[in-house]
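Enquirer: Hey, dropping my_file.csv in here, CSV, C-alpha atoms:
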chain,number,residue,atom,x,y,z
A,1,MET,CA,0.0,0.0,0.0
A,2,ILE,CA,2.8,2.4,0.8
A,3,PHE,CA,4.3,1.7,-2.6
A,4,TRP,CA,1.1,2.6,-4.4
A,5,HIS,CA,0.5,5.6,-2.2
A,6,HIS,CA,3.8,7.1,-3.5
A,7,LEU,CA,3.4,5.9,-7.1
A,8,VAL,CA,-0.1,7.3,-7.8
A,9,PRO,CA,1.0,11.0,-7.4
A,10,VAL,CA,3.8,10.3,-9.9
A,11,LEU,CA,1.2,9.0,-12.4
A,12,LEU,CA,-0.5,12.4,-12.1
A,13,VAL,CA,2.6,14.4,-13.1
A,14,PRO,CA,2.0,14.2,-16.9
A,15,ALA,CA,-1.4,15.9,-16.5
A,16,GLY,CA,0.0,18.4,-14.1
A,17,VAL,CA,2.9,19.6,-16.3
A,18,LEU,CA,1.3,19.1,-19.8
A,19,PRO,CA,0.2,22.8,-20.0
A,20,PHE,CA,3.8,23.9,-19.6
A,21,LEU,CA,5.3,21.6,-22.2
A,22,GLY,CA,3.9,23.2,-25.4
A,23,ARG,CA,1.8,20.2,-26.2
A,24,PHE,CA,-1.5,21.2,-24.7
A,25,GLU,CA,-4.0,20.4,-27.4
A,26,LYS,CA,-6.9,17.9,-27.7
A,27,GLY,CA,-4.9,15.0,-29.0
A,28,LEU,CA,-3.0,11.9,-27.9
A,29,HIS,CA,-0.9,13.6,-25.3
A,30,PHE,CA,-4.0,15.2,-23.7
A,31,TRP,CA,-6.1,12.1,-23.5
A,32,GLY,CA,-3.1,9.9,-22.4
A,33,ALA,CA,-2.1,12.2,-19.6
A,34,PHE,CA,-5.5,12.9,-18.2
A,35,GLY,CA,-6.7,9.4,-18.8
A,36,LEU,CA,-3.8,8.0,-16.9
A,37,ALA,CA,-4.3,10.4,-14.1
A,38,ALA,CA,-8.0,9.6,-13.8
A,39,LEU,CA,-7.4,5.8,-13.9
A,40,ALA,CA,-4.7,6.0,-11.3
A,41,ALA,CA,-6.5,8.3,-8.9
A,42,THR,CA,-9.8,6.4,-9.3
A,43,ALA,CA,-8.2,3.0,-8.7
A,44,TRP,CA,-6.3,4.3,-5.6
A,45,THR,CA,-9.5,5.9,-4.2
A,46,ALA,CA,-11.5,2.7,-4.8
A,47,ALA,CA,-8.8,0.7,-2.9
A,48,GLN,CA,-9.1,3.1,0.1
A,49,PHE,CA,-12.9,3.0,0.1
A,50,SER,CA,-13.3,-0.7,-0.6
A,51,ASN,CA,-14.0,-2.0,2.9
A,52,SER,CA,-15.2,0.9,4.8
A,53,TRP,CA,-15.6,4.7,4.6
A,54,PRO,CA,-12.3,6.5,5.6
A,55,THR,CA,-13.0,9.9,7.2
A,56,GLY,CA,-9.4,11.2,7.1
A,57,PHE,CA,-8.1,14.3,5.2
A,58,GLY,CA,-6.1,12.3,2.7
A,59,PRO,CA,-8.9,10.0,1.4
A,60,ALA,CA,-11.2,13.0,1.2
A,61,ILE,CA,-8.6,14.7,-1.1
A,62,TRP,CA,-8.2,11.6,-3.2
A,63,LEU,CA,-12.0,11.2,-3.6
A,64,THR,CA,-12.3,14.8,-4.8
A,65,VAL,CA,-9.3,14.5,-7.2
A,66,SER,CA,-10.6,11.2,-8.8
A,67,ALA,CA,-14.2,12.5,-9.1
A,68,CYS,CA,-13.0,15.8,-10.7
A,69,LEU,CA,-10.8,13.9,-13.2
A,70,VAL,CA,-13.7,11.6,-14.2
A,71,LEU,CA,-16.1,14.5,-14.5
A,72,PHE,CA,-13.5,16.5,-16.5
A,73,LEU,CA,-13.0,13.7,-19.0
A,74,ILE,CA,-16.7,13.2,-19.5
A,75,LEU,CA,-17.4,16.9,-20.0
A,76,SER,CA,-14.4,17.3,-22.3
A,77,LEU,CA,-16.1,14.7,-24.6
A,78,LEU,CA,-19.5,16.4,-24.5
A,79,VAL,CA,-18.9,20.1,-24.1
A,80,PRO,CA,-16.8,22.1,-26.7
A,81,GLU,CA,-13.8,23.9,-25.3
A,82,PHE,CA,-14.3,22.4,-21.8
A,83,TRP,CA,-11.0,20.4,-22.2
A,84,ARG,CA,-9.1,23.7,-22.2
A,85,LEU,CA,-9.8,24.0,-18.4
A,86,GLY,CA,-7.3,21.2,-18.0
A,87,ALA,CA,-4.6,23.9,-18.2
A,88,ILE,CA,-5.7,24.8,-14.7
A,89,LEU,CA,-7.1,21.4,-13.5
A,90,GLY,CA,-3.8,19.6,-14.3
A,91,PRO,CA,-1.6,21.6,-11.9
A,92,TRP,CA,-4.4,21.7,-9.3
A,93,ILE,CA,-4.7,17.9,-9.1
A,94,LEU,CA,-0.9,17.6,-8.8
A,95,VAL,CA,-1.0,20.0,-5.8
A,96,MET,CA,-3.8,18.1,-4.2
A,97,ALA,CA,-2.0,14.8,-4.6
A,98,VAL,CA,1.1,16.3,-2.9
A,99,LEU,CA,-1.1,17.5,0.0
A,100,ALA,CA,-2.7,14.1,0.3
A,101,LEU,CA,0.7,12.5,0.3
A,102,ALA,CA,2.1,14.9,2.9
A,103,TRP,CA,-0.7,14.4,5.4
A,104,ASN,CA,-1.3,10.7,4.9
A,105,GLN,CA,-1.8,8.9,8.2
A,106,ALA,CA,-0.7,5.4,8.8
A,107,GLU,CA,-4.1,4.7,10.3
A,108,THR,CA,-7.0,6.6,8.8
A,109,PRO,CA,-10.2,7.0,10.9
A,110,ARG,CA,-13.0,5.0,9.3
A,111,SER,CA,-16.7,4.9,9.6
A,112,PRO,CA,-19.1,2.2,8.5
A,113,GLY,CA,-19.7,1.8,4.7
A,114,ILE,CA,-22.5,3.5,3.0
A,115,ASP,CA,-24.5,0.3,2.9
A,116,SER,CA,-24.6,0.1,6.7
A,117,VAL,CA,-26.1,3.6,7.2
A,118,SER,CA,-29.6,4.9,6.3
A,119,GLU,CA,-30.5,5.6,2.7
A,120,TRP,CA,-30.9,9.3,3.4
A,121,ILE,CA,-27.4,9.6,4.9
A,122,GLY,CA,-25.9,7.6,2.0
A,123,LEU,CA,-27.6,9.8,-0.5
A,124,HIS,CA,-26.6,12.9,1.4
A,125,VAL,CA,-22.9,11.9,1.3
A,126,VAL,CA,-23.1,11.2,-2.5
A,127,LEU,CA,-24.8,14.5,-3.1
A,128,SER,CA,-22.3,16.4,-0.9
A,129,VAL,CA,-19.3,15.0,-2.8
A,130,THR,CA,-20.9,15.6,-6.2
A,131,THR,CA,-21.7,19.2,-5.2
A,132,TYR,CA,-18.1,19.8,-4.2
A,133,VAL,CA,-16.8,18.3,-7.4
A,134,PHE,CA,-19.0,20.5,-9.6
A,135,LEU,CA,-18.2,23.6,-7.5
A,136,THR,CA,-14.5,22.8,-7.9
A,137,MET,CA,-14.9,22.8,-11.7
A,138,ALA,CA,-16.9,26.0,-11.4
A,139,ALA,CA,-14.1,27.6,-9.4
A,140,ILE,CA,-11.6,26.5,-12.0
A,141,ALA,CA,-13.7,28.2,-14.7
A,142,GLY,CA,-14.0,31.3,-12.5
A,143,LEU,CA,-10.2,31.4,-12.1
A,144,ALA,CA,-10.0,31.1,-15.9
A,145,VAL,CA,-12.3,34.1,-16.2
A,146,ILE,CA,-10.0,36.1,-14.0
A,147,LEU,CA,-6.9,35.1,-16.0
A,148,GLN,CA,-8.5,35.9,-19.3
A,149,GLU,CA,-9.9,39.3,-18.2
A,150,ARG,CA,-6.5,40.2,-16.7
A,151,SER,CA,-4.8,39.2,-19.9
A,152,LEU,CA,-7.1,41.3,-22.0
A,153,LYS,CA,-6.6,44.4,-19.8
A,154,ARG,CA,-2.8,44.0,-20.1
A,155,ARG,CA,-3.1,43.4,-23.8
A,156,ARG,CA,-0.4,40.8,-23.4
A,157,PRO,CA,-1.5,37.2,-22.8
A,158,ASP,CA,-0.3,35.4,-19.7
A,159,ARG,CA,1.3,32.0,-20.0
A,160,LEU,CA,-1.9,30.1,-19.4
A,161,ALA,CA,-4.4,32.5,-21.1
A,162,PRO,CA,-3.9,31.2,-24.7
A,163,LEU,CA,-4.5,27.7,-23.5
A,164,LEU,CA,-7.8,28.5,-21.8
A,165,PRO,CA,-11.3,28.9,-23.4
A,166,SER,CA,-12.2,32.4,-24.5
A,167,LEU,CA,-13.6,34.8,-21.9
A,168,ALA,CA,-17.1,34.3,-23.1
A,169,ASP,CA,-16.7,30.5,-23.1
A,170,CYS,CA,-15.2,30.6,-19.6
A,171,GLU,CA,-18.2,32.6,-18.3
A,172,ARG,CA,-20.7,30.3,-20.0
A,173,LEU,CA,-19.0,27.2,-18.5
A,174,GLU,CA,-18.8,28.9,-15.1
A,175,ILE,CA,-22.5,29.7,-14.9
A,176,ARG,CA,-23.6,26.2,-16.1
A,177,LEU,CA,-21.4,24.5,-13.5
A,178,LEU,CA,-22.6,26.9,-10.8
A,179,VAL,CA,-26.3,26.3,-11.5
A,180,THR,CA,-25.7,22.5,-11.4
A,181,SER,CA,-23.8,22.9,-8.2
A,182,GLU,CA,-26.6,24.9,-6.6
A,183,ILE,CA,-29.2,22.4,-7.6
A,184,ILE,CA,-27.3,19.4,-6.2
A,185,LEU,CA,-26.3,21.4,-3.1
A,186,ALA,CA,-30.0,22.1,-2.4
A,187,ALA,CA,-30.8,18.4,-2.8
A,188,GLY,CA,-27.9,17.6,-0.4
A,189,ILE,CA,-29.2,20.0,2.2
A,190,ALA,CA,-32.7,18.6,1.9
A,191,THR,CA,-31.5,15.0,2.3
A,192,GLY,CA,-29.3,16.0,5.3
A,193,LEU,CA,-32.4,17.5,6.9
A,194,ALA,CA,-34.5,14.5,6.1
A,195,ALA,CA,-31.9,12.2,7.7
A,196,THR,CA,-32.0,14.0,11.1
A,197,SER,CA,-34.6,15.4,13.4
A,198,THR,CA,-35.1,19.1,14.0
A,199,ALA,CA,-33.6,18.8,17.5
A,200,ASP,CA,-30.5,17.0,16.1
A,201,VAL,CA,-30.0,19.7,13.4
A,202,ILE,CA,-30.2,22.5,16.1
A,203,ALA,CA,-27.9,20.6,18.4
A,204,GLY,CA,-25.5,19.8,15.6
A,205,MET,CA,-25.3,23.3,14.2
A,206,ASN,CA,-21.5,23.1,13.7
A,207,HIS,CA,-19.0,24.7,11.3
A,208,LYS,CA,-19.8,22.3,8.5
A,209,ILE,CA,-23.5,23.2,8.5
A,210,VAL,CA,-22.8,27.0,8.8
A,211,PHE,CA,-20.3,27.0,5.9
A,212,THR,CA,-22.5,24.9,3.7
A,213,VAL,CA,-25.5,27.2,4.1
A,214,ALA,CA,-23.3,30.2,3.6
A,215,ALA,CA,-22.0,28.7,0.4
A,216,PHE,CA,-25.5,28.1,-0.8
A,217,ALA,CA,-26.4,31.7,0.0
A,218,VAL,CA,-23.4,33.1,-1.8
A,219,ILE,CA,-24.1,31.0,-5.0
A,220,ALA,CA,-27.8,32.0,-4.9
A,221,MET,CA,-26.9,35.6,-4.5
A,222,LEU,CA,-24.6,35.4,-7.6
A,223,LEU,CA,-27.2,33.7,-9.7
A,224,VAL,CA,-29.8,36.3,-8.8
A,225,ALA,CA,-27.3,39.2,-9.4
A,226,ARG,CA,-26.5,37.6,-12.8
A,227,GLN,CA,-30.1,37.4,-13.7
A,228,LEU,CA,-31.2,40.9,-12.5
A,229,TRP,CA,-28.1,43.0,-13.1
A,230,GLY,CA,-25.9,40.9,-15.4
A,231,THR,CA,-23.1,40.5,-12.9
A,232,ARG,CA,-20.2,38.8,-14.7
A,233,GLY,CA,-16.5,38.9,-15.2
A,234,ARG,CA,-14.0,39.2,-12.3
A,235,ARG,CA,-16.7,40.3,-9.8
A,236,ALA,CA,-18.8,37.2,-10.5
A,237,ALA,CA,-15.7,34.9,-10.5
A,238,ARG,CA,-14.7,36.2,-7.1
A,239,LEU,CA,-18.1,35.3,-5.7
A,240,VAL,CA,-17.7,31.8,-7.2
A,241,LEU,CA,-14.3,31.4,-5.5
A,242,THR,CA,-15.9,32.7,-2.3
A,243,GLY,CA,-18.6,30.0,-2.5
A,244,TYR,CA,-15.9,27.4,-3.3
A,245,LEU,CA,-13.8,28.5,-0.3
A,246,LEU,CA,-16.8,28.1,2.0
A,247,MET,CA,-17.6,24.6,0.7
A,248,THR,CA,-13.9,23.8,1.1
A,249,LEU,CA,-14.0,24.9,4.7
A,250,ALA,CA,-17.2,22.8,5.1
A,251,TYR,CA,-15.9,19.6,3.5
A,252,PRO,CA,-12.1,19.0,3.4
A,253,GLY,CA,-11.4,22.0,5.7
A,254,VAL,CA,-13.2,20.4,8.6
A,255,LYS,CA,-11.4,17.1,7.9
A,256,PHE,CA,-8.1,18.9,7.8
A,257,VAL,CA,-8.7,20.5,11.2
A,258,THR,CA,-9.8,17.3,12.9
A,259,ASP,CA,-7.4,14.9,11.1
A,260,VAL,CA,-4.2,17.0,10.8
A,261,ILE,CA,-4.3,19.9,13.2
A,262,ILE,CA,-6.1,18.3,16.2
A,263,GLY,CA,-5.6,14.7,15.2
Take the structure in the file and write it out as C-alpha cells.
Expert:
Amino acid sequence: MIFWHHLVPVLLVPAGVLPFLGRFEKGLHFWGAFGLAALAATAWTAAQFSNSWPTGFGPAIWLTVSACLVLFLILSLLVPEFWRLGAILGPWILVMAVLALAWNQAETPRSPGIDSVSEWIGLHVVLSVTTYVFLTMAAIAGLAVILQERSLKRRRPDRLAPLLPSLADCERLEIRLLVTSEIILAAGIATGLAATSTADVIAGMNHKIVFTVAAFAVIAMLLVARQLWGTRGRRAARLVLTGYLLMTLAYPGVKFVTDVIIG
C-alpha cells in the first residue's frame, strides 16, 4: 500500500505539467495524460474505500481528485472547449495529490460503509461529494475568467491565457457549472435535513452546516445578481471562488482540522 501511495501521485505528473510543455492540445498527449491520471486516482480511491468509509483528510482529497478527473474527461467529450480548463485542472490535481501524500496517516479514521447507514445519509454523502466536485470545476472556470480578463486588460497574454477557453466560453461554463452545483447542493441540504430530526439539526449546528448554508447563499446571490443586473467577469468569478472557499471549509477543511491539526 505504501508503494502505491507514493506511485499514484507520480502518475498524475504528466497531466500536471502538460500545459507547460507546449503540447496542450486535444490530442493523444492530452487524453493519455488525463486518462492515466483519472485511472490511477480512481483506482487508488476505490482501494481506500473498498472495505469501509475512511474519514481522514487524505482519502477526502483523493476522492475529490478522482471525481474531478472523471467529470472533467466526460465533459471534455461532451462540451466544446471544456477540455481547455485542463490547463488549470492539471496543476491543481498535482498540488492536491502532494497534499494528500504529505498528510497521509498510517491509520486513517474509518466509519461504516454507505450500505450500513440509512439511505438518506448515504444519498446525502453522495450529493455532498458531487456538489463539491461540480463547484471545484466552477471555481476553475472562475479562475480562468480572472486570468482571461487580466490578460485582455494587459493586452499581453499570460502564459496560461492562450491555453484556456475564451472569456465568453469561460463565463458560460462557469455559470452552467454553478447552476448545477446549486441544484445538487439544495438536494444535499434537503437529504441532510431528512436524515436528522429538527432537534438534532439544532444541536449539531457546527461549522460544516454553517459553511454549507453560507456557500448556498453566496451562490444563490450570484445567480440572482447575474439574472437581474448581469453581474459577470471578475466580480462574479470572485463570488464563485468565495462559495468554493466556504464549501472547502465545510468539507475537506473540517477534515483537515480534525485529522491533521487536532488529530
Enquirer: Would you kindly return, as a list in words, each protein, DNA or RNA residue with an atom no farther than 8 Å from any atom of Leu177 (chain A), considering all atoms listed in the file and excluding same-chain residues fewer than 6 positions away?
Expert: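 These residues fall inside the cut-off: Phe134, Leu135, Met137 and Ala138 of chain A.
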Enquirer: CA of Thr231 (chain A) to CA of Arg154 (chain A): how many Å, to one decimal?
Expert: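 Taking CA of Thr231 (chain A) and CA of Arg154 (chain A), their separation equals 21.8 Å.
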Enquirer: Give me, please, the distance in Å between CA of Gln148 (chain A) and CA of Ala237 (chain A), quoted to one decimal.
Expert: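 Going from CA of Gln148 (chain A) over to CA of Ala237 (chain A), I get 11.4 Å.
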Enquirer: For region 82-97 of chain A, work out the shell of residues within 10 Å, counting only C-alpha atoms and skipping chain neighbours fewer than 4 positions away, then give it as a count of residues only.
Expert: 57
Enquirer: Would you mind reading off the distance between CA of Gly27 (chain A) and CA of Pro80 (chain A), one decimal, in Å?
Expert: 14.0 Å
Enquirer: Residues near Thr242 (chain A), anyone? I mean within 12 Å using all atoms listed in the file, not counting same-chain ones fewer than 2 positions away, as a list in words.
Expert: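 Final neighbour list, sorted by chain and number: Leu135, Thr136, Ala138, Ala139, Gly142, Leu143, Phe211, Thr212, Ala214, Ala215, Phe216, Ala217, Val218, Ile219, Met221, Leu222, Arg235, Ala236, Ala237, Arg238, Leu239, Val240, Tyr244, Leu245, Leu246, Met247, Thr248 and Leu249 of chain A.
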Enquirer: Around all listed atoms of region 236-253 of chain A, padded 4 Å per side, what centre and edge lengths does the axis-aligned box have in Å to one decimal, as lines of an AutoDock Vina configuration file?
Expert:
center_x = -15.1
center_y = 28.1
center_z = -2.4
size_x = 15.4
size_y = 26.2
size_z = 24.2
Enquirer: Would you please work out which residue, of A:Val210, A:Ile183, A:Leu167, A:Leu39, is nearest to Arg150 (chain A) when using only C-alpha atoms?
Expert: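 Using only C-alpha atoms, the shortest distance to Arg150 (chain A) belongs to A:Leu167.
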Enquirer: Find the residues around Ser128 (chain A) up to 8 Å (only C-alpha atoms counted), leave out those fewer than 4 positions away in its own chain, and share them as a list of chain:residue names.
Expert: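 The filter keeps A:His124, A:Tyr132, A:Ile184, A:Leu185, A:Gly188.
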Enquirer: Nearest to Lys153 (chain A) among A:Arg172, A:Lys208, A:Arg234, A:Arg226, with distances taken over only C-alpha atoms: which residue is it?
Expert: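 Ranking A:Arg172, A:Lys208, A:Arg234, A:Arg226 by distance to Lys153 (chain A), first place goes to A:Arg234.
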Enquirer: So, counting only C-alpha atoms, which residue among A:Ala194, A:Ala250, A:Ile146, A:Leu21 is closest to Asp158 (chain A)?
Expert: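 Looking only at the distances to Asp158 (chain A), the closest residue turns out to be A:Ile146.
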